[in-house]
Structure formats: structure tokens, C-alpha cells
$ cat work.pdb   # PDB, C-alpha atoms, pLDDT in the B column
ATOM      1  CA  MET A  25     160.460  15.924  92.488  1.00 39.00           C
ATOM      2  CA  LYS A  26     159.289  15.870  96.089  1.00 45.00           C
ATOM      3  CA  ASN A  27     157.888  19.411  95.957  1.00 53.00           C
ATOM      4  CA  SER A  28     156.401  19.151  92.492  1.00 51.00           C
ATOM      5  CA  THR A  29     152.653  19.000  92.170  1.00 71.00           C
ATOM      6  CA  LEU A  30     152.914  17.943  88.519  1.00 83.00           C
ATOM      7  CA  LEU A  31     155.233  14.959  88.795  1.00 88.00           C
ATOM      8  CA  TRP A  32     154.629  12.285  91.385  1.00 90.00           C
ATOM      9  CA  GLU A  33     156.658   9.176  92.112  1.00 90.00           C
ATOM     10  CA  VAL A  34     154.487   6.165  92.916  1.00 91.00           C
ATOM     11  CA  SER A  35     155.967   2.999  94.385  1.00 89.00           C
ATOM     12  CA  VAL A  36     155.233  -0.002  96.562  1.00 89.00           C
ATOM     13  CA  ASP A  37     157.693  -1.934  98.687  1.00 91.00           C
ATOM     14  CA  ASN A  38     159.960  -4.034  96.456  1.00 89.00           C
ATOM     15  CA  GLY A  39     157.890  -3.015  93.413  1.00 87.00           C
ATOM     16  CA  PRO A  40     158.610  -0.979  90.349  1.00 87.00           C
ATOM     17  CA  ILE A  41     158.615   2.801  90.512  1.00 90.00           C
ATOM     18  CA  SER A  42     156.042   4.611  88.407  1.00 92.00           C
ATOM     19  CA  TYR A  43     155.593   8.291  87.719  1.00 91.00           C
ATOM     20  CA  LEU A  44     152.414  10.298  87.358  1.00 90.00           C
ATOM     21  CA  TYR A  45     152.704  13.569  85.469  1.00 88.00           C
ATOM     22  CA  GLY A  46     149.893  16.079  84.960  1.00 84.00           C
ATOM     23  CA  THR A  47     149.816  17.374  81.410  1.00 79.00           C
ATOM     24  CA  MET A  48     147.793  19.959  79.558  1.00 75.00           C
ATOM     25  CA  HIS A  49     146.568  19.202  76.054  1.00 80.00           C
ATOM     26  CA  VAL A  50     147.942  22.472  74.674  1.00 82.00           C
ATOM     27  CA  ARG A  51     150.958  23.770  72.786  1.00 85.00           C
ATOM     28  CA  ASP A  52     151.496  26.766  75.075  1.00 84.00           C
ATOM     29  CA  ALA A  53     155.008  27.128  76.528  1.00 85.00           C
ATOM     30  CA  SER A  54     153.574  27.122  80.053  1.00 83.00           C
ATOM     31  CA  ALA A  55     152.552  23.482  79.592  1.00 82.00           C
ATOM     32  CA  PHE A  56     156.159  22.643  78.717  1.00 86.00           C
ATOM     33  CA  SER A  57     157.737  24.474  81.668  1.00 85.00           C
ATOM     34  CA  HIS A  58     158.472  21.263  83.616  1.00 84.00           C
ATOM     35  CA  THR A  59     159.174  18.984  80.668  1.00 89.00           C
ATOM     36  CA  ASP A  60     162.761  18.400  81.806  1.00 91.00           C
ATOM     37  CA  LYS A  61     161.488  16.716  84.992  1.00 89.00           C
ATOM     38  CA  ALA A  62     159.031  14.595  83.024  1.00 90.00           C
ATOM     39  CA  LEU A  63     161.686  13.521  80.530  1.00 93.00           C
ATOM     40  CA  THR A  64     164.115  12.609  83.331  1.00 93.00           C
ATOM     41  CA  ALA A  65     161.433  10.322  84.773  1.00 93.00           C
ATOM     42  CA  LEU A  66     160.456   9.015  81.333  1.00 93.00           C
ATOM     43  CA  TYR A  67     164.048   7.946  80.608  1.00 93.00           C
ATOM     44  CA  LYS A  68     163.854   5.672  83.676  1.00 93.00           C
ATOM     45  CA  CYS A  69     160.715   3.921  82.435  1.00 93.00           C
ATOM     46  CA  GLN A  70     159.947   1.066  80.076  1.00 92.00           C
ATOM     47  CA  GLU A  71     156.338   2.011  79.383  1.00 94.00           C
ATOM     48  CA  LEU A  72     154.415   5.239  78.829  1.00 94.00           C
ATOM     49  CA  VAL A  73     150.691   5.355  79.530  1.00 93.00           C
ATOM     50  CA  THR A  74     148.801   8.553  78.743  1.00 91.00           C
ATOM     51  CA  GLU A  75     145.169   9.477  79.266  1.00 90.00           C
ATOM     52  CA  ILE A  76     144.334   7.987  75.878  1.00 87.00           C
ATOM     53  CA  ASP A  77     146.383   6.219  73.233  1.00 88.00           C
ATOM     54  CA  VAL A  78     147.662   9.274  71.360  1.00 88.00           C
ATOM     55  CA  GLY A  79     148.378   7.206  68.247  1.00 82.00           C
ATOM     56  CA  MET A  80     144.783   5.985  68.118  1.00 82.00           C
ATOM     57  CA  ALA A  81     143.496   9.486  68.824  1.00 79.00           C
ATOM     58  CA  ARG A  82     145.307  10.773  65.742  1.00 72.00           C
ATOM     59  CA  GLU A  83     143.727   8.030  63.628  1.00 69.00           C
ATOM     60  CA  MET A  84     140.249   8.734  65.013  1.00 71.00           C
ATOM     61  CA  ASN A  85     140.335  12.496  64.540  1.00 76.00           C
ATOM     62  CA  ASN A  86     136.967  12.646  62.798  1.00 81.00           C
ATOM     63  CA  PRO A  87     134.996  15.877  63.389  1.00 87.00           C
ATOM     64  CA  ALA A  88     131.732  13.896  63.347  1.00 86.00           C
ATOM     65  CA  PHE A  89     132.657  12.418  66.730  1.00 86.00           C
ATOM     66  CA  TYR A  90     132.365  15.878  68.296  1.00 91.00           C
ATOM     67  CA  MET A  91     129.036  16.900  66.810  1.00 94.00           C
ATOM     68  CA  ILE A  92     125.695  17.353  68.518  1.00 95.00           C
ATOM     69  CA  ARG A  93     123.512  14.320  67.976  1.00 91.00           C
ATOM     70  CA  ASP A  94     120.573  14.057  65.589  1.00 93.00           C
ATOM     71  CA  ASN A  95     122.009  16.588  63.150  1.00 93.00           C
ATOM     72  CA  GLN A  96     121.164  19.435  65.511  1.00 96.00           C
ATOM     73  CA  SER A  97     123.106  22.628  65.996  1.00 97.00           C
ATOM     74  CA  ILE A  98     123.463  25.137  68.806  1.00 98.00           C
ATOM     75  CA  SER A  99     121.100  27.430  66.910  1.00 97.00           C
ATOM     76  CA  ASP A 100     118.421  24.729  67.295  1.00 98.00           C
ATOM     77  CA  LEU A 101     118.981  24.542  71.047  1.00 97.00           C
ATOM     78  CA  LEU A 102     118.972  28.233  71.968  1.00 98.00           C
ATOM     79  CA  PRO A 103     116.470  31.013  71.355  1.00 97.00           C
ATOM     80  CA  GLN A 104     117.460  32.852  68.183  1.00 97.00           C
ATOM     81  CA  LYS A 105     118.117  36.158  69.937  1.00 98.00           C
ATOM     82  CA  LYS A 106     120.430  34.493  72.480  1.00 98.00           C
ATOM     83  CA  TYR A 107     122.201  32.511  69.764  1.00 98.00           C
ATOM     84  CA  LEU A 108     122.839  35.611  67.632  1.00 98.00           C
ATOM     85  CA  LYS A 109     124.151  37.527  70.637  1.00 98.00           C
ATOM     86  CA  ILE A 110     126.589  34.727  71.477  1.00 98.00           C
ATOM     87  CA  CYS A 111     127.657  34.633  67.807  1.00 98.00           C
ATOM     88  CA  ARG A 112     128.466  38.353  67.887  1.00 98.00           C
ATOM     89  CA  ILE A 113     130.369  38.124  71.172  1.00 98.00           C
ATOM     90  CA  LEU A 114     132.475  35.125  70.127  1.00 98.00           C
ATOM     91  CA  LYS A 115     133.268  36.727  66.768  1.00 98.00           C
ATOM     92  CA  LYS A 116     134.333  40.021  68.359  1.00 97.00           C
ATOM     93  CA  ALA A 117     136.229  38.565  71.337  1.00 97.00           C
ATOM     94  CA  PHE A 118     137.876  35.506  69.784  1.00 97.00           C
ATOM     95  CA  GLN A 119     137.368  35.778  66.003  1.00 96.00           C
ATOM     96  CA  PHE A 120     135.372  32.558  66.408  1.00 97.00           C
ATOM     97  CA  ASP A 121     132.617  31.920  63.864  1.00 97.00           C
ATOM     98  CA  LEU A 122     129.897  30.069  65.750  1.00 98.00           C
ATOM     99  CA  ASP A 123     127.730  29.742  62.646  1.00 96.00           C
ATOM    100  CA  ARG A 124     130.450  27.668  60.950  1.00 97.00           C
ATOM    101  CA  ASN A 125     130.886  25.555  64.080  1.00 97.00           C
ATOM    102  CA  SER A 126     127.362  25.399  65.499  1.00 97.00           C
ATOM    103  CA  ARG A 127     127.008  21.641  65.006  1.00 97.00           C
ATOM    104  CA  PHE A 128     129.895  20.952  67.381  1.00 97.00           C
ATOM    105  CA  LEU A 129     129.212  20.138  71.015  1.00 96.00           C
ATOM    106  CA  PRO A 130     129.349  23.323  73.115  1.00 98.00           C
ATOM    107  CA  ILE A 131     132.048  21.779  75.322  1.00 96.00           C
ATOM    108  CA  ILE A 132     134.236  21.337  72.231  1.00 95.00           C
ATOM    109  CA  ILE A 133     133.660  24.966  71.250  1.00 97.00           C
ATOM    110  CA  VAL A 134     134.623  26.144  74.742  1.00 97.00           C
ATOM    111  CA  SER A 135     137.703  23.909  74.612  1.00 93.00           C
ATOM    112  CA  ASN A 136     138.726  25.299  71.213  1.00 92.00           C
ATOM    113  CA  ILE A 137     138.284  28.872  72.411  1.00 96.00           C
ATOM    114  CA  THR A 138     140.314  28.085  75.536  1.00 92.00           C
ATOM    115  CA  GLU A 139     143.103  26.692  73.392  1.00 88.00           C
ATOM    116  CA  SER A 140     142.933  29.741  71.098  1.00 89.00           C
ATOM    117  CA  ILE A 141     143.635  32.004  74.086  1.00 89.00           C
ATOM    118  CA  MET A 142     146.801  30.085  74.807  1.00 85.00           C
ATOM    119  CA  LYS A 143     149.815  30.407  72.574  1.00 82.00           C
ATOM    120  CA  ALA A 144     150.918  27.762  70.078  1.00 82.00           C
ATOM    121  CA  ASP A 145     154.591  27.886  71.042  1.00 86.00           C
ATOM    122  CA  HIS A 146     155.228  24.221  70.230  1.00 85.00           C
ATOM    123  CA  ALA A 147     154.462  22.053  67.218  1.00 89.00           C
ATOM    124  CA  MET A 148     152.404  19.612  69.275  1.00 89.00           C
ATOM    125  CA  ALA A 149     150.595  19.452  72.605  1.00 87.00           C
ATOM    126  CA  LEU A 150     152.581  18.287  75.628  1.00 88.00           C
ATOM    127  CA  ASP A 151     150.973  14.851  75.880  1.00 89.00           C
ATOM    128  CA  ALA A 152     151.600  14.225  72.168  1.00 89.00           C
ATOM    129  CA  TYR A 153     155.204  15.387  72.589  1.00 92.00           C
ATOM    130  CA  LEU A 154     155.813  12.970  75.480  1.00 93.00           C
ATOM    131  CA  TRP A 155     154.161  10.219  73.417  1.00 93.00           C
ATOM    132  CA  SER A 156     156.517  10.902  70.505  1.00 93.00           C
ATOM    133  CA  GLU A 157     159.485  10.819  72.885  1.00 94.00           C
ATOM    134  CA  GLY A 158     158.306   7.466  74.252  1.00 94.00           C
ATOM    135  CA  GLN A 159     157.985   6.087  70.745  1.00 94.00           C
ATOM    136  CA  ARG A 160     161.381   7.490  69.773  1.00 94.00           C
ATOM    137  CA  MET A 161     162.816   5.551  72.735  1.00 95.00           C
ATOM    138  CA  ASN A 162     160.979   2.378  71.567  1.00 95.00           C
ATOM    139  CA  MET A 163     158.893   2.294  74.732  1.00 95.00           C
ATOM    140  CA  THR A 164     155.619   0.452  74.993  1.00 94.00           C
ATOM    141  CA  CYS A 165     152.997   3.218  74.755  1.00 94.00           C
ATOM    142  CA  GLY A 166     149.324   2.963  75.573  1.00 92.00           C
ATOM    143  CA  GLY A 167     146.330   4.769  77.015  1.00 92.00           C
ATOM    144  CA  LEU A 168     144.363   4.475  80.243  1.00 91.00           C
ATOM    145  CA  GLU A 169     141.149   4.911  78.286  1.00 89.00           C
ATOM    146  CA  THR A 170     140.251   4.174  74.710  1.00 86.00           C
ATOM    147  CA  VAL A 171     139.264   6.962  72.364  1.00 84.00           C
ATOM    148  CA  SER A 172     135.785   5.447  72.039  1.00 85.00           C
ATOM    149  CA  GLU A 173     135.385   5.447  75.841  1.00 89.00           C
ATOM    150  CA  GLN A 174     136.242   9.136  75.936  1.00 86.00           C
ATOM    151  CA  LEU A 175     133.887   9.884  73.052  1.00 86.00           C
ATOM    152  CA  THR A 176     131.092   7.986  74.805  1.00 88.00           C
ATOM    153  CA  ILE A 177     131.657  10.002  77.983  1.00 90.00           C
ATOM    154  CA  LEU A 178     131.732  13.214  75.971  1.00 88.00           C
ATOM    155  CA  GLN A 179     128.331  12.430  74.456  1.00 88.00           C
ATOM    156  CA  THR A 180     126.828  11.814  77.929  1.00 93.00           C
ATOM    157  CA  ILE A 181     127.598  15.294  79.269  1.00 95.00           C
ATOM    158  CA  ASP A 182     124.255  16.988  79.716  1.00 97.00           C
ATOM    159  CA  MET A 183     123.529  19.412  76.869  1.00 97.00           C
ATOM    160  CA  ASP A 184     122.060  22.009  79.237  1.00 97.00           C
ATOM    161  CA  VAL A 185     125.321  21.995  81.201  1.00 98.00           C
ATOM    162  CA  GLN A 186     127.317  22.430  77.989  1.00 98.00           C
ATOM    163  CA  LEU A 187     125.097  25.264  76.772  1.00 98.00           C
ATOM    164  CA  LYS A 188     125.471  26.975  80.153  1.00 98.00           C
ATOM    165  CA  MET A 189     129.264  26.776  79.775  1.00 97.00           C
ATOM    166  CA  LEU A 190     129.009  28.488  76.400  1.00 98.00           C
ATOM    167  CA  LYS A 191     126.560  31.139  77.639  1.00 98.00           C
ATOM    168  CA  ASP A 192     128.736  31.837  80.700  1.00 97.00           C
ATOM    169  CA  LEU A 193     131.788  32.260  78.478  1.00 97.00           C
ATOM    170  CA  ALA A 194     129.907  34.754  76.283  1.00 98.00           C
ATOM    171  CA  LYS A 195     128.524  36.582  79.312  1.00 97.00           C
ATOM    172  CA  GLY A 196     131.949  36.999  80.907  1.00 97.00           C
ATOM    173  CA  VAL A 197     134.642  37.134  78.232  1.00 97.00           C
ATOM    174  CA  SER A 198     137.198  39.031  80.328  1.00 96.00           C
ATOM    175  CA  LYS A 199     136.528  36.770  83.319  1.00 95.00           C
ATOM    176  CA  PHE A 200     137.032  33.724  81.082  1.00 95.00           C
ATOM    177  CA  ARG A 201     140.294  35.094  79.637  1.00 94.00           C
ATOM    178  CA  SER A 202     141.504  35.823  83.156  1.00 94.00           C
ATOM    179  CA  TYR A 203     140.617  32.288  84.260  1.00 90.00           C
ATOM    180  CA  VAL A 204     142.578  30.753  81.366  1.00 89.00           C
ATOM    181  CA  HIS A 205     145.517  33.040  82.117  1.00 87.00           C
ATOM    182  CA  ARG A 206     145.476  31.957  85.795  1.00 87.00           C
ATOM    183  CA  LEU A 207     145.469  28.311  84.692  1.00 82.00           C
ATOM    184  CA  ARG A 208     148.568  28.940  82.585  1.00 79.00           C
ATOM    185  CA  ILE A 209     150.343  30.639  85.476  1.00 78.00           C
ATOM    186  CA  MET A 210     149.392  27.932  87.981  1.00 75.00           C
ATOM    187  CA  TYR A 211     150.820  25.297  85.694  1.00 70.00           C
TER     188      TYR A 211
END

$ encode --input "work.pdb" --output "C-alpha cells"
Amino acid sequence: MKNSTLLWEVSVDNGPISYLYGTMHVRDASAFSHTDKALTALYKCQELVTEIDVGMAREMNNPAFYMIRDNQSISDLLPQKKYLKICRILKKAFQFDLDRNSRFLPIIIVSNITESIMKADHAMALDAYLWSEGQRMNMTCGGLETVSEQLTILQTIDMDVQLKMLKDLAKGVSKFRSYVHRLRIMY
């Protein structure tokens, strides 16, 4: 564990030992490559705390939470020519239908495309898997943040920044794929 950048042991003199493990919210096998180390640490613990309460996140999985405000869509926020070009690129490169998803926040669209590039080797994402293991072991499980806190933060991300992310993805598809691939390898 000493040379791992994903799993950290945190302790204070005469205090309990805690572990901090960096997870990816994907089902790709690369995210699970160090699961044995995480599980070894988890078996030593009494409590599991993830980024958010995964149980609550499952209950609050309402698409409306991830929509652009005021009933707008990406087509309302971009010039028509630019929007149609991005639609064509995303359809060709990722089989992603922007018209069907144009009410979603651009950051959610980029996230979904990123996840689509990765493989779905496992039934659930790594953080959800660790959560289920914690529950199976009757551990106390909770989240650092609430789902509503995360949703509030998500809605505060500047729309121009989000649109730029989407435009940059469309402008550099191969660069984006390469970036996602590098992330997988680094993990």
C-alpha cells in the first residue's frame, strides 16, 4: 500500500486507521484493477464513506435533476449551424443522438460519452460495487456529500464552460478518445 497512489492509509497517533481510495464511477475493468487492495482495507473497517451515499443516489436517479434549467436545450444555447454540426459529429463518432438528449446539461452529455468509450466489463461501477460489499458486510455506509449538495453544485457550473467542453469534444474526437484511454491506463 505504501507505493499505491490509489489507496492511502490515514492515521493519527493512538487513533483509528482510515483508508482513502480513489475510485472511478465506471464499470470498465481498469477501474477494478486494484480492487483487491481496496477490499483488503475495507475488511479492516467498520464504516464505509463514499463520495455520496450510493443508496440515496439510486433512489434519486431522476433525469430531471440533470436537465438544463428553464426548459431550455442545447439547441437553444448554440447557433443552429454549430448545434447541427455537433449533432452530426457525436452521431458519427459515438452513435450519440444529441437531439434526443439536448435538454441534459452539457457536462452530463460529456460524462455519458466518456463512459461510453470505456467498457462495461462489470455489472456496476466501482464505487457502487464497494458500497454493496460494505452493505453485505453489515458496515455502516454513508456519503461525504448528499445527493442534493452534488446536484446543487452541478447546477452552478457555468453554462458557457459546459458548452465549451461539448464543443471541444466535438472539435477533437480523436484527442478526446486518446485522453479517455490515457485515463484508463493511468488508473

$ resolve_selection --input "work.pdb" --expression "the PyMOL selection byres ((chain A and resi 97) around 6)" --output "list of chain:residue names"
A:Gln96, A:Ile98, A:Ser99, A:Asp100, A:Ser126, A:Arg127

$ residues_around --input "work.pdb" --residues "Tyr43 of chain A" --least-positions-apart "5" --cutoff "8 Å" --atoms "all atoms listed in the file" --output "PyMOL selection string"
chain A and resi 31-34+65

$ atom_distance --input "work.pdb" --atom1 "atom CA of Ala53 of chain A" --atom2 "atom CA of Leu150 of chain A"
9.2 Å

$ residues_around --input "work.pdb" --residues "segment 192-199 of chain A" --least-positions-apart "2" --cutoff "7 Å" --atoms "all atoms listed in the file" --output "mmCIF file with C-alpha atoms, in the coordinates of the input"
data_model
loop_
_atom_site.group_PDB
_atom_site.id
_atom_site.type_symbol
_atom_site.label_atom_id
_atom_site.label_comp_id
_atom_site.auth_asym_id
_atom_site.auth_seq_id
_atom_site.Cartn_x
_atom_site.Cartn_y
_atom_site.Cartn_z
ATOM 1 C CA ILE A 110 126.589 34.727 71.477
ATOM 2 C CA ILE A 113 130.369 38.124 71.172
ATOM 3 C CA LEU A 114 132.475 35.125 70.127
ATOM 4 C CA LYS A 188 125.471 26.975 80.153
ATOM 5 C CA MET A 189 129.264 26.776 79.775
ATOM 6 C CA LEU A 190 129.009 28.488 76.400
ATOM 7 C CA ARG A 201 140.294 35.094 79.637
ATOM 8 C CA SER A 202 141.504 35.823 83.156
ATOM 9 C CA TYR A 203 140.617 32.288 84.260
#

$ residues_around --input "work.pdb" --residues "Gly167 of chain A" --least-positions-apart "5" --cutoff "6 Å" --atoms "only C-alpha atoms" --output "ChimeraX atom specification"
/A:73-77

$ residues_around --input "work.pdb" --residues "segment 141-149 of chain A" --least-positions-apart "5" --cutoff "6 Å" --atoms "all atoms listed in the file" --output "list in words"
His49, Val50, Arg51, Asp52 and Ala53 of chain A

$ residues_around --input "work.pdb" --residues "Thr47 of chain A" --least-positions-apart "4" --cutoff "8 Å" --atoms "all atoms listed in the file" --output "MDAnalysis selection string"
chainID A and resid 30 55 150:151

$ closest_residue --input "work.pdb" --among "A:Arg112, A:Val204, A:Met161, A:Gly166" --to "Val134 of chain A" --atoms "only C-alpha atoms"
A:Val204

$ axis_aligned_box --input "work.pdb" --around "segment 145-155 of chain A" --padding-each-side "4 Å" --output "AutoDock Vina command-line options"
--center_x 153.2 --center_y 19.1 --center_z 71.5 --size_x 13.2 --size_y 25.7 --size_z 16.7

$ atom_distance --input "work.pdb" --atom1 "atom CA of Val171 of chain A" --atom2 "atom CA of Ala88 of chain A"
13.6 Å

$ atom_distance --input "work.pdb" --atom1 "atom CA of Ile92 of chain A" --atom2 "atom CA of Gln119 of chain A"
22.0 Å

$ resolve_selection --input "work.pdb" --expression "the PyMOL selection byres ((chain A and resi 58) around 12)" --output "PyMOL selection string"
chain A and resi 25+28-31+45-48+53-57+59-65+150+154+211

$ resolve_selection --input "work.pdb" --expression "the PyMOL selection byres ((chain A and resi 178-184) around 10)" --output "MDAnalysis selection string"
chainID A and resid 89:93 98 101 129:132 172:177 185:190

$ closest_residue --input "work.pdb" --among "A:Asp123, A:Thr170, A:Asn95, A:Asn162" --to "Leu108 of chain A" --atoms "all atoms listed in the file"
A:Asp123
